[in-house]
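Structure data follow from final-v3.txt (compact mmCIF, C-alpha atoms):
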# COMPACT_ATOMS: atom_id res chain seq x y z
CA MET A 281 23.69 1.40 -5.69
CA ALA A 282 21.69 0.95 -8.87
CA PHE A 283 18.73 3.19 -9.63
CA THR A 284 16.35 0.22 -9.35
CA ASP A 285 17.71 -0.60 -5.89
CA LYS A 286 17.22 3.00 -4.76
CA ILE A 287 13.60 2.98 -5.94
CA LYS A 288 13.00 -0.43 -4.34
CA ASN A 289 14.53 0.62 -1.00
CA SER A 290 12.73 3.95 -0.88
CA LEU A 291 9.45 2.19 -1.69
CA ARG A 292 10.18 -0.28 1.11
CA GLY A 293 10.64 2.61 3.52
CA TRP A 294 7.44 4.30 2.33
CA LEU A 295 5.40 1.10 2.71
CA GLY A 296 6.86 0.56 6.19
CA ILE A 297 5.97 4.08 7.32
CA VAL A 298 2.46 3.85 5.85
CA ALA A 299 1.97 0.48 7.59
CA LEU A 300 3.13 1.83 10.95
CA MET A 301 0.76 4.81 10.64
CA ALA A 302 -2.06 2.39 9.83
CA PHE A 303 -1.28 0.33 12.93
CA GLY A 304 -1.60 3.55 14.93
CA ASN A 305 -4.97 4.29 13.33
CA THR A 306 -6.07 0.76 14.16
CA VAL A 307 -5.35 1.28 17.85
CA HIS A 308 -7.14 4.60 17.76
CA CYS A 309 -10.26 2.98 16.25
CA PHE A 310 -10.43 0.47 19.10
CA ILE A 311 -9.79 3.02 21.84
CA ASP A 312 -12.11 5.82 20.71
CA HIS A 313 -14.82 5.24 18.12
CA THR A 314 -15.43 8.99 17.79
CA PHE A 315 -12.04 9.18 16.06
CA LEU A 316 -13.74 8.21 12.79
CA SER A 317 -16.61 10.68 13.06
CA ASN A 318 -14.27 13.47 14.13
CA SER A 319 -11.67 12.95 11.41
CA LEU A 320 -13.09 10.97 8.46
CA TYR A 321 -16.85 10.58 8.30
CA THR A 322 -17.67 14.07 9.52
CA GLN A 323 -20.92 14.42 7.54
CA THR A 324 -22.67 11.41 9.15
CA VAL A 325 -21.56 11.45 12.75
CA ASP A 326 -24.58 9.41 13.94
CA ASP A 327 -23.75 6.54 11.57
CA VAL A 328 -20.35 5.96 13.17
CA ASN A 329 -20.79 3.69 16.17
CA PRO A 330 -18.38 1.43 18.08
CA LEU A 331 -19.09 -1.52 15.74
CA VAL A 332 -18.23 0.54 12.64
CA ALA A 333 -15.06 1.78 14.32
CA ARG A 334 -13.94 -1.76 15.21
CA LEU A 335 -14.71 -2.99 11.70
CA PHE A 336 -12.75 -0.10 10.20
CA GLY A 337 -9.95 -0.83 12.67
CA MET A 338 -9.75 -4.47 11.59
CA TRP A 339 -9.74 -3.50 7.90
CA THR A 340 -6.95 -1.01 8.60
CA PHE A 341 -5.02 -3.62 10.60
CA LEU A 342 -5.22 -6.11 7.73
CA ALA A 343 -4.06 -3.49 5.22
CA ALA A 344 -1.20 -2.49 7.54
CA ALA A 345 -0.05 -6.08 7.94
CA VAL A 346 -0.06 -6.69 4.18
CA ARG A 347 1.83 -3.45 3.54
CA LEU A 348 4.42 -4.13 6.22
CA TYR A 349 5.02 -7.63 4.91
CA CYS A 350 5.39 -6.22 1.38
CA ALA A 351 7.96 -3.73 2.68
CA ILE A 352 9.96 -6.70 3.96
CA GLU A 353 9.38 -8.99 0.94
CA ILE A 354 9.07 -6.41 -1.84
CA THR A 355 10.13 -8.81 -4.60
CA ASN A 356 7.29 -11.24 -3.83
CA LYS A 357 5.13 -10.49 -6.87
CA PRO A 358 1.77 -11.83 -5.59
CA LEU A 359 2.23 -9.95 -2.31
CA TYR A 360 3.20 -6.81 -4.24
CA ASN A 361 0.02 -7.12 -6.33
CA ILE A 362 -2.16 -7.55 -3.23
CA THR A 363 -0.52 -4.55 -1.59
CA LEU A 364 -1.07 -2.43 -4.68
CA PHE A 365 -4.70 -3.55 -4.75
CA SER A 366 -5.08 -2.58 -1.07
CA PHE A 367 -4.15 0.98 -2.00
CA VAL A 368 -6.55 0.98 -4.97
CA LEU A 369 -9.29 -0.29 -2.66
CA ALA A 370 -8.54 2.39 -0.05
CA PHE A 371 -8.43 5.15 -2.66
CA GLY A 372 -11.74 3.98 -4.12
CA HIS A 373 -13.35 3.75 -0.68
CA PHE A 374 -12.38 7.25 0.42
CA LEU A 375 -13.22 8.77 -2.95
CA LEU A 376 -16.68 7.16 -2.93
CA GLU A 377 -17.31 8.31 0.64
CA LEU A 378 -16.38 11.85 -0.39
CA VAL A 379 -18.06 12.13 -3.79
CA TYR A 380 -20.88 9.58 -3.99
CA TYR A 381 -22.04 8.82 -0.43
CA ARG A 382 -21.11 12.28 0.91
CA THR A 383 -20.25 10.94 4.35
CA ALA A 384 -16.96 12.84 4.37
CA ALA A 385 -16.05 16.46 3.79
CA LEU A 386 -13.01 17.54 1.82
CA ASP A 387 -10.68 18.33 4.69
CA VAL A 388 -7.39 16.98 6.01
CA GLY A 389 -9.09 13.89 7.46
CA ILE A 390 -10.12 12.60 4.03
CA ALA A 391 -7.41 14.32 1.97
CA ALA A 392 -4.61 12.53 3.85
CA PRO A 393 -5.72 8.95 3.06
CA LEU A 394 -6.54 9.96 -0.53
CA LEU A 395 -3.08 11.48 -0.91
CA VAL A 396 -1.27 8.56 0.73
CA SER A 397 -3.13 5.93 -1.27
CA GLY A 398 -2.80 7.92 -4.50
CA VAL A 399 0.94 8.46 -4.08
CA SER A 400 1.34 4.81 -3.13
CA ILE A 401 -0.49 3.62 -6.26
CA VAL A 402 1.69 5.75 -8.53
CA TRP A 403 4.91 4.80 -6.72
CA MET A 404 4.05 1.11 -6.75
CA MET A 405 3.22 1.24 -10.47
CA ILE A 406 6.62 2.81 -11.14
CA GLY A 407 8.25 0.25 -8.86
CA TYR A 408 6.43 -2.56 -10.62
CA SER A 409 7.85 -1.58 -14.00
CA LEU A 410 11.37 -1.31 -12.55
CA ILE A 411 11.43 -4.35 -10.26
CA TRP A 412 10.03 -6.78 -12.84
CA SER A 413 11.32 -5.29 -16.08
CA PRO A 414 13.08 -7.80 -18.37
CA ALA A 415 16.41 -6.07 -17.75
CA VAL A 416 16.31 -6.86 -14.03
CA ASP A 417 14.48 -10.19 -14.11
CA ASP A 418 16.30 -12.29 -11.50
CA ASP A 419 13.67 -15.05 -11.43
CA ASP A 420 15.88 -17.44 -13.38
CA ASP A 421 16.87 -20.69 -11.69
CA ASP A 422 20.37 -20.77 -13.16
CA PRO A 423 22.71 -18.67 -10.95
CA ARG A 424 25.17 -18.24 -13.84
CA ILE A 425 22.49 -16.52 -15.92
CA VAL A 426 21.50 -14.32 -13.00
CA ARG A 427 25.15 -13.25 -12.51
CA ARG A 428 25.54 -12.52 -16.24
CA ARG A 429 22.38 -10.43 -16.25
CA ARG A 430 23.59 -8.44 -13.29
CA LYS A 431 26.88 -7.78 -15.08
CA GLY A 432 25.07 -6.83 -18.27
CA GLN A 433 26.44 -9.73 -20.31
CA LYS A 434 24.50 -11.73 -22.86
CA THR A 435 22.90 -14.86 -21.39
CA HIS A 436 22.93 -17.00 -24.53
Let me see the structure of the file written as structure tokens.
Amino acid sequence: MAFTDKIKNSLRGWLGIVALMAFGNTVHCFIDHTFLSNSLYTQTVDDVNPLVARLFGMWTFLAAAVRLYCAIEITNKPLYNITLFSFVLAFGHFLLELVYYRTAALDVGIAAPLLVSGVSIVWMMIGYSLIWSPAVDDDDDDPRIVRRRRKGQKTH
């Protein structure tokens, strides 16, 4: 197995696991709205109500669906870009809540999503440069050129 395939497959697994964890968090948000105030927004417990929990749950569900679909279709470049952006958005959200809005304390509840989104951003940036580098560009319509590229032969 080529190095690029190993990176791609491990990234697929990571995205799948992160998506499944997010689906679990979604369910938790709908079942118990205190989940958010007990684990994430611990500095503003009164601001977390059932509506906020459901809204957060829907946002998490959407992110999980995008990430799971990207794990399945990792070579779909627009989907890959949207998935990467979902991690940037999550990282920015949690960082702002911690540093600027001060609704979260630096504990495991906020450190975990910061760590997961941060690792995901770095891993996806590395994956981006490997999956779509000119050396492994399989977007060509001519199957003969694709086969030659895979074999390392000149295409012209």
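With all atoms listed in the file taken into account, the protein and nucleic acid residues at most 9 Å from A:Asp312 (excluding it and anything under 5 positions from it in its own chain) are Val307, Pro330 and Ala333 of chain A.
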Separation of atom CA of A:Gly407 and atom CA of A:Cys350, in Å?
->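 Rounded to one decimal, the two atoms are 12.4 Å apart.
The residue that comes closest to A:Ser400, out of A:Trp294, A:Tyr381, A:Phe315, A:Trp339 and on the basis of only C-alpha atoms, is A:Trp294.
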Given 6 Å on each side, where is the centre and what are the edge lengths in Å to one decimal of the axis-aligned box enclosing the listed atoms of stretch 316-329 of chain A, as JSON?
{"center_x": -18.1, "center_y": 9.1, "center_z": 11.9, "size_x": 24.9, "size_y": 22.7, "size_z": 20.6}
Looking at A:Ile287, A:Leu335, A:Val388, A:Leu295, which one is nearest to A:Ile406, with distances taken over all atoms listed in the file?
->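 Nearest candidate to A:Ile406 out of A:Ile287, A:Leu335, A:Val388, A:Leu295: A:Ile287.
Separating atom CA of A:Ile352 from atom CA of A:Lys286 is a distance of 14.9 Å.
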Compare A:Tyr360, A:Phe365, A:Tyr380, A:Phe303 by their minimum atom-to-atom distance to A:Trp412, counting only C-alpha atoms, and give me the closest one.
-> A:Tyr360
Closest of A:Leu342, A:Arg347, A:Ala370, A:Val328 to A:Ala299, counting all atoms listed in the file, is A:Arg347
Best match for closeness to A:Asp387 among A:Leu320, A:Ala282, A:Ala302, A:Leu364, counting only C-alpha atoms =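 That would be A:Leu320, the residue with the smallest distance to A:Asp387.
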May I ask which of the residues A:Pro414, A:Pro358, A:Tyr349, A:Phe336 is the closest one to A:Tyr321, counting all atoms listed in the file?
-> A:Phe336
If you count all atoms listed in the file, which residues fall within 12 Å of A:Gln323, apart from same-chain ones fewer than 6 positions away, as a list in words?
->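 In the requested format, the answer is Leu316, Ser317, Glu377, Leu378, Val379, Tyr381, Arg382, Thr383, Ala384, Ala385, Leu386, Asp387, Gly389 and Ile390 of chain A.
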For the atom pair atom CA of A:Thr322 and atom CA of A:Ala391, what is the interatomic distance in Å to one decimal place?
->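 About the pair atom CA of A:Thr322 and atom CA of A:Ala391: they are 12.7 Å apart.
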Kindly output stretch 379-390 of chain A as an mmCIF file, in the coordinates of the input, after building all heavy atoms.
data_model
loop_
_atom_site.group_PDB
_atom_site.id
_atom_site.type_symbol
_atom_site.label_atom_id
_atom_site.label_comp_id
_atom_site.auth_asym_id
_atom_site.auth_seq_id
_atom_site.Cartn_x
_atom_site.Cartn_y
_atom_site.Cartn_z
ATOM 1 N N VAL A 379 -17.328 11.648 -2.620
ATOM 2 C CA VAL A 379 -18.060 12.130 -3.790
ATOM 3 C C VAL A 379 -19.464 11.535 -3.915
ATOM 4 O O VAL A 379 -20.430 12.253 -4.159
ATOM 5 C CB VAL A 379 -17.247 11.848 -5.079
ATOM 6 C CG1 VAL A 379 -18.015 12.248 -6.321
ATOM 7 C CG2 VAL A 379 -15.907 12.540 -5.022
ATOM 8 N N TYR A 380 -19.588 10.240 -3.740
ATOM 9 C CA TYR A 380 -20.880 9.580 -3.990
ATOM 10 C C TYR A 380 -21.758 9.529 -2.735
ATOM 11 O O TYR A 380 -22.898 9.972 -2.747
ATOM 12 C CB TYR A 380 -20.646 8.172 -4.545
ATOM 13 C CG TYR A 380 -21.918 7.457 -4.899
ATOM 14 C CD1 TYR A 380 -22.641 7.805 -6.043
ATOM 15 C CD2 TYR A 380 -22.414 6.443 -4.083
ATOM 16 C CE1 TYR A 380 -23.821 7.155 -6.362
ATOM 17 C CE2 TYR A 380 -23.585 5.790 -4.396
ATOM 18 C CZ TYR A 380 -24.287 6.147 -5.540
ATOM 19 O OH TYR A 380 -25.462 5.502 -5.849
ATOM 20 N N TYR A 381 -21.228 8.965 -1.655
ATOM 21 C CA TYR A 381 -22.040 8.820 -0.430
ATOM 22 C C TYR A 381 -22.109 10.095 0.387
ATOM 23 O O TYR A 381 -23.006 10.239 1.216
ATOM 24 C CB TYR A 381 -21.488 7.678 0.431
ATOM 25 C CG TYR A 381 -21.577 6.342 -0.250
ATOM 26 C CD1 TYR A 381 -20.433 5.659 -0.629
ATOM 27 C CD2 TYR A 381 -22.804 5.754 -0.531
ATOM 28 C CE1 TYR A 381 -20.499 4.422 -1.258
ATOM 29 C CE2 TYR A 381 -22.890 4.523 -1.161
ATOM 30 C CZ TYR A 381 -21.733 3.868 -1.517
ATOM 31 O OH TYR A 381 -21.815 2.651 -2.142
ATOM 32 N N ARG A 382 -21.160 10.984 0.205
ATOM 33 C CA ARG A 382 -21.110 12.280 0.910
ATOM 34 C C ARG A 382 -21.114 12.131 2.436
ATOM 35 O O ARG A 382 -21.752 12.895 3.152
ATOM 36 C CB ARG A 382 -22.232 13.190 0.448
ATOM 37 C CG ARG A 382 -22.187 13.478 -1.041
ATOM 38 C CD ARG A 382 -23.163 14.557 -1.440
ATOM 39 N NE ARG A 382 -23.266 14.699 -2.875
ATOM 40 C CZ ARG A 382 -22.402 15.381 -3.633
ATOM 41 N NH1 ARG A 382 -21.370 15.954 -3.079
ATOM 42 N NH2 ARG A 382 -22.581 15.458 -4.944
ATOM 43 N N THR A 383 -20.388 11.124 2.906
ATOM 44 C CA THR A 383 -20.250 10.940 4.350
ATOM 45 C C THR A 383 -19.024 11.656 4.882
ATOM 46 O O THR A 383 -18.825 11.721 6.089
ATOM 47 C CB THR A 383 -20.150 9.440 4.700
ATOM 48 O OG1 THR A 383 -19.031 8.886 4.018
ATOM 49 C CG2 THR A 383 -21.419 8.702 4.329
ATOM 50 N N ALA A 384 -18.198 12.167 3.976
ATOM 51 C CA ALA A 384 -16.960 12.840 4.370
ATOM 52 C C ALA A 384 -16.889 14.194 3.683
ATOM 53 O O ALA A 384 -17.398 14.369 2.580
ATOM 54 C CB ALA A 384 -15.756 11.994 3.976
ATOM 55 N N ALA A 385 -16.271 15.136 4.372
ATOM 56 C CA ALA A 385 -16.050 16.460 3.790
ATOM 57 C C ALA A 385 -14.606 16.543 3.314
ATOM 58 O O ALA A 385 -13.726 15.844 3.823
ATOM 59 C CB ALA A 385 -16.303 17.536 4.847
ATOM 60 N N LEU A 386 -14.363 17.384 2.340
ATOM 61 C CA LEU A 386 -13.010 17.540 1.820
ATOM 62 C C LEU A 386 -12.195 18.381 2.800
ATOM 63 O O LEU A 386 -12.174 19.599 2.745
ATOM 64 C CB LEU A 386 -13.025 18.182 0.431
ATOM 65 C CG LEU A 386 -11.668 18.267 -0.270
ATOM 66 C CD1 LEU A 386 -11.025 16.886 -0.372
ATOM 67 C CD2 LEU A 386 -11.819 18.872 -1.639
ATOM 68 N N ASP A 387 -11.568 17.695 3.726
ATOM 69 C CA ASP A 387 -10.680 18.330 4.690
ATOM 70 C C ASP A 387 -9.468 17.421 4.877
ATOM 71 O O ASP A 387 -9.323 16.424 4.174
ATOM 72 C CB ASP A 387 -11.413 18.611 6.015
ATOM 73 C CG ASP A 387 -12.032 17.372 6.632
ATOM 74 O OD1 ASP A 387 -11.657 16.249 6.249
ATOM 75 O OD2 ASP A 387 -12.908 17.514 7.499
ATOM 76 N N VAL A 388 -8.636 17.744 5.822
ATOM 77 C CA VAL A 388 -7.390 16.980 6.010
ATOM 78 C C VAL A 388 -7.664 15.515 6.359
ATOM 79 O O VAL A 388 -6.889 14.628 6.003
ATOM 80 C CB VAL A 388 -6.467 17.671 7.038
ATOM 81 C CG1 VAL A 388 -7.014 17.516 8.458
ATOM 82 C CG2 VAL A 388 -5.064 17.131 6.941
ATOM 83 N N GLY A 389 -8.771 15.251 7.052
ATOM 84 C CA GLY A 389 -9.090 13.890 7.460
ATOM 85 C C GLY A 389 -9.317 12.947 6.299
ATOM 86 O O GLY A 389 -8.973 11.767 6.368
ATOM 87 N N ILE A 390 -9.879 13.437 5.213
ATOM 88 C CA ILE A 390 -10.120 12.600 4.030
ATOM 89 C C ILE A 390 -9.033 12.829 2.981
ATOM 90 O O ILE A 390 -8.707 11.921 2.199
ATOM 91 C CB ILE A 390 -11.535 12.835 3.458
ATOM 92 C CG1 ILE A 390 -11.978 11.659 2.577
ATOM 93 C CG2 ILE A 390 -11.605 14.095 2.649
ATOM 94 C CD1 ILE A 390 -12.386 10.456 3.341
#
